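Scroll down for the structure; my scribbles are underneath it.
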Amino acid sequence: MPKRHPGLIPLSHDHHHGLALALRCRKQALGQIKPTGAEGLRLRAREFLTLYAAELRSHFEAEEGILFPKMSLHVPEGEELIADLMRDHESVRLAIPKLQATVGLGKVIFDLGDLLERHIRREERELFPLFEQHAAVIGADEIAEKLTNFLELARRRD
Ligand SMILES: [Fe+2]
Ligand SMILES: [Fe+2]
C-alpha cells in the first residue's frame with residue numbers, strides 16, 4: 001500500500017488486518033484452508049466476529065463519526081463514494097448476525113469476505129487519496145488527532 005498521510009495510518013493498519021481476514025474467509029468458503037467443511041467455517045465465523053468486536057466496529061464508527069463528515073463537508077466530489085462506503089458498513093453490520101447460522105454459512109462467509117475486501121480497497125484507492133489531496137482544507141491534522149483518540153478510547157473500553 002502507498003505511503004499514507006500520518007492521520008490515516010491507524011485506519012490503514014486496521015485495513016491490513018481486515019484484508020487478511022477477508023482473504024481467509026474467501027479461501028475458507030472455497031475449501032482451501034484446513035479444517036475444511038463445517039468446522040472450518042465455524043472457526044472463520046468466530047474469527048470474523050472477534051475482529052469485528054475488537055477493531056472493525058470502532059473502525060466503522062471512527063470513519064462515520066469523524067472522517068466521512070469532514071470529507072463530505074470539504075470534498076463534494078467524494079459525496080457519492082462516501083454514500084457507497086456507508087452502505088457497505090451497513091451491509092457488514094446486517095451480515096454479522098448471519099455468522100451464527102449453521103445453514104448456508106459458506107456463502108455468508110464468502111460474501112462477507114468479498115464485501116470487506118472490496119470496501120477496504122475502495123477506501124485505500126479512492127477515499128484516502130482524496131483525503132491526502134485535500135488534506136489542508138479538510139484540517140487533516142485535527143482529524144488525525146481525533147481518530148487516534150477515538151480509537152484508543154473505544155478499544156480500551158472493549
Ligand atoms: Fe469503511
Ligand atoms: Fe476503513
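In the C-alpha cells, chains take the letters A, B, ... in the order shown, each chain's residues start at 1, and ligands count up from 1 in the order shown.
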
*Residues at most 8 Å from A:Arg24, counting only C-alpha atoms, excluding those fewer than 5 positions away in the same chain, as number ranges by chain?*
A: 33, 44, 113

*Show me which residues sit within 12 Å of ligand 1 when counting only C-alpha atoms and all ligand atoms, and put them as a PyMOL selection string.*
chain A and resi 11-12+14-15+18+55-68+81-93+115-124+126-128

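Excluding A:Gly40 itself and any same-chain residue fewer than 2 positions from it, the protein and nucleic acid residues within 12 Å of it, counting only C-alpha atoms, are Arg24, Cys25, Arg26, Lys27, Gln28, Ala29, Leu30, Gly31, Gln32, Ile33, Lys34, Pro35, Thr36, Gly37, Ala38, Arg42, Leu43, Arg44, Ala45, Arg46, Glu47, Leu105, Gly106 and Ile109 of chain A.
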
Create the file for the chosen residues now, containing N, CA, C and O atoms and written as a compact mmCIF listing (two decimals), in the first residue's frame.
# COMPACT_ATOMS: atom_id res chain seq x y z
N ARG A 24 -8.83 -14.90 4.03
CA ARG A 24 -9.05 -16.20 4.68
C ARG A 24 -10.50 -16.63 4.57
O ARG A 24 -10.80 -17.81 4.41
N CYS A 25 -11.42 -15.68 4.64
CA CYS A 25 -12.85 -16.01 4.50
C CYS A 25 -13.13 -16.61 3.13
O CYS A 25 -13.81 -17.64 3.02
N ARG A 26 -12.62 -15.95 2.10
CA ARG A 26 -12.91 -16.46 0.75
C ARG A 26 -12.29 -17.84 0.56
O ARG A 26 -12.90 -18.75 0.01
N LYS A 27 -11.05 -18.00 1.02
CA LYS A 27 -10.38 -19.30 0.87
C LYS A 27 -11.09 -20.39 1.66
O LYS A 27 -11.21 -21.52 1.19
N GLN A 28 -11.55 -20.02 2.86
CA GLN A 28 -12.25 -20.99 3.70
C GLN A 28 -13.52 -21.46 3.00
O GLN A 28 -13.82 -22.66 2.97
N ALA A 29 -14.25 -20.50 2.46
CA ALA A 29 -15.52 -20.83 1.80
C ALA A 29 -15.29 -21.71 0.57
O ALA A 29 -16.15 -22.49 0.19
N LEU A 30 -14.11 -21.58 -0.03
CA LEU A 30 -13.78 -22.40 -1.21
C LEU A 30 -13.12 -23.71 -0.82
O LEU A 30 -12.69 -24.48 -1.68
N GLY A 31 -12.99 -23.95 0.47
CA GLY A 31 -12.41 -25.21 0.94
C GLY A 31 -10.91 -25.28 0.78
O GLY A 31 -10.33 -26.37 0.69
N GLN A 32 -10.24 -24.12 0.76
CA GLN A 32 -8.79 -24.11 0.54
C GLN A 32 -7.98 -23.96 1.83
O GLN A 32 -6.77 -23.83 1.80
N ILE A 33 -8.68 -23.93 2.98
CA ILE A 33 -7.98 -23.86 4.27
C ILE A 33 -8.49 -25.00 5.14
O ILE A 33 -9.69 -25.26 5.18
N LYS A 34 -7.54 -25.66 5.84
CA LYS A 34 -7.94 -26.74 6.74
C LYS A 34 -8.21 -26.19 8.13
O LYS A 34 -7.52 -25.27 8.54
N PRO A 35 -9.13 -26.72 8.91
CA PRO A 35 -10.04 -27.79 8.50
C PRO A 35 -11.09 -27.26 7.53
O PRO A 35 -11.56 -26.15 7.66
N THR A 36 -11.43 -28.10 6.55
CA THR A 36 -12.47 -27.71 5.60
C THR A 36 -13.83 -28.08 6.19
O THR A 36 -13.92 -28.60 7.29
N GLY A 37 -14.87 -27.80 5.43
CA GLY A 37 -16.22 -28.17 5.88
C GLY A 37 -16.74 -27.29 6.99
O GLY A 37 -16.22 -26.20 7.25
N ALA A 38 -17.74 -27.83 7.69
CA ALA A 38 -18.48 -27.05 8.68
C ALA A 38 -17.58 -26.54 9.81
O ALA A 38 -17.73 -25.41 10.27
N ARG A 42 -17.06 -22.62 10.85
CA ARG A 42 -17.38 -22.10 12.19
C ARG A 42 -16.19 -21.33 12.78
O ARG A 42 -16.35 -20.28 13.39
N LEU A 43 -14.98 -21.87 12.55
CA LEU A 43 -13.77 -21.19 13.05
C LEU A 43 -13.64 -19.81 12.42
O LEU A 43 -13.34 -18.81 13.08
N ARG A 44 -13.87 -19.77 11.11
CA ARG A 44 -13.72 -18.50 10.38
C ARG A 44 -14.79 -17.51 10.82
O ARG A 44 -14.53 -16.32 10.96
N ALA A 45 -16.00 -18.01 11.05
CA ALA A 45 -17.09 -17.12 11.51
C ALA A 45 -16.72 -16.53 12.86
O ALA A 45 -16.90 -15.33 13.10
N ARG A 46 -16.15 -17.36 13.73
CA ARG A 46 -15.77 -16.88 15.05
C ARG A 46 -14.65 -15.84 14.93
O ARG A 46 -14.63 -14.83 15.62
N GLU A 47 -13.72 -16.11 14.01
CA GLU A 47 -12.61 -15.16 13.82
C GLU A 47 -13.16 -13.81 13.33
O GLU A 47 -12.70 -12.75 13.75
N LEU A 105 -23.67 -21.16 5.77
CA LEU A 105 -22.59 -20.34 6.34
C LEU A 105 -21.47 -20.08 5.32
O LEU A 105 -20.85 -19.02 5.33
N GLY A 106 -21.23 -21.03 4.43
CA GLY A 106 -20.19 -20.87 3.42
C GLY A 106 -20.43 -19.63 2.57
O GLY A 106 -19.52 -18.84 2.33
N ILE A 109 -19.96 -16.37 4.59
CA ILE A 109 -18.55 -16.06 4.82
C ILE A 109 -17.87 -15.60 3.53
O ILE A 109 -17.10 -14.64 3.54

_Shell of 9 Å around A:Lys70, only C-alpha atoms, local chain residues under 4 positions omitted, as number ranges by chain_ = A: 65-66, 74-75, 138-139, 143

Selection from above, C-alpha atoms, as an mmCIF file, in the first residue's frame, can you write it?
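Result file selection_9.cif:
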data_model
loop_
_atom_site.group_PDB
_atom_site.id
_atom_site.type_symbol
_atom_site.label_atom_id
_atom_site.label_comp_id
_atom_site.auth_asym_id
_atom_site.auth_seq_id
_atom_site.Cartn_x
_atom_site.Cartn_y
_atom_site.Cartn_z
ATOM 1 C CA GLY A 65 -18.318 9.893 13.051
ATOM 2 C CA ILE A 66 -15.103 11.728 12.204
ATOM 3 C CA HIS A 74 -14.971 19.885 2.313
ATOM 4 C CA VAL A 75 -14.708 17.496 -0.635
ATOM 5 C CA ILE A 138 -10.105 19.242 5.469
ATOM 6 C CA GLY A 139 -7.960 20.002 8.519
ATOM 7 C CA ILE A 143 -8.828 14.771 12.201
#

_Option closest in space to ligand 2, from A:Gly104, A:Arg4, A:His16, A:Phe150 [counting only C-alpha atoms and all ligand atoms]_ =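 For ligand 2, the nearest of the given residues is A:His16.
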
*By how many Å are atom CA of A:Thr50 and atom CA of A:His13 apart?*
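Between these atoms lies a distance of 16.7 Å.
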
*Could you work out how far atom CA of A:Leu8 lies from atom CA of A:Val137, giving the answer in Å with one decimal?*
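Separating atom CA of A:Val137 from atom CA of A:Leu8 is a distance of 15.8 Å.
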
*Rank A:Ala95, A:Leu147, A:Leu49, A:Val103 by their smallest atom-to-atom distance to ligand 2, using only C-alpha atoms and all ligand atoms, and report the top residue only.*
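Nearest candidate to ligand 2 out of A:Ala95, A:Leu147, A:Leu49, A:Val103: A:Leu147.
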
*Rank A:Ser72, A:His17, A:Pro6, A:Glu77 by their smallest atom-to-atom distance to A:Ala140, using only C-alpha atoms, and report the top residue only.*
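Closest to A:Ala140 of all the choices is A:Pro6.
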
*asked:* Here is a test: counting only C-alpha atoms and all ligand atoms, which residue of A:Arg155, A:Lys98, A:Lys146, A:Arg125 is nearest to ligand 2?
replied: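 That would be A:Arg125, the residue with the smallest distance to ligand 2.
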
_Non-local contacts of A:Gly7 (6 Å; only C-alpha atoms; under 2 positions in same chain excluded) as JSON, numbers by chain_ = {"A": [5, 9, 144]}

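Taking atom CA of A:Ala101 and atom CA of A:Ala20 as endpoints, the distance between them is 22.7 Å.
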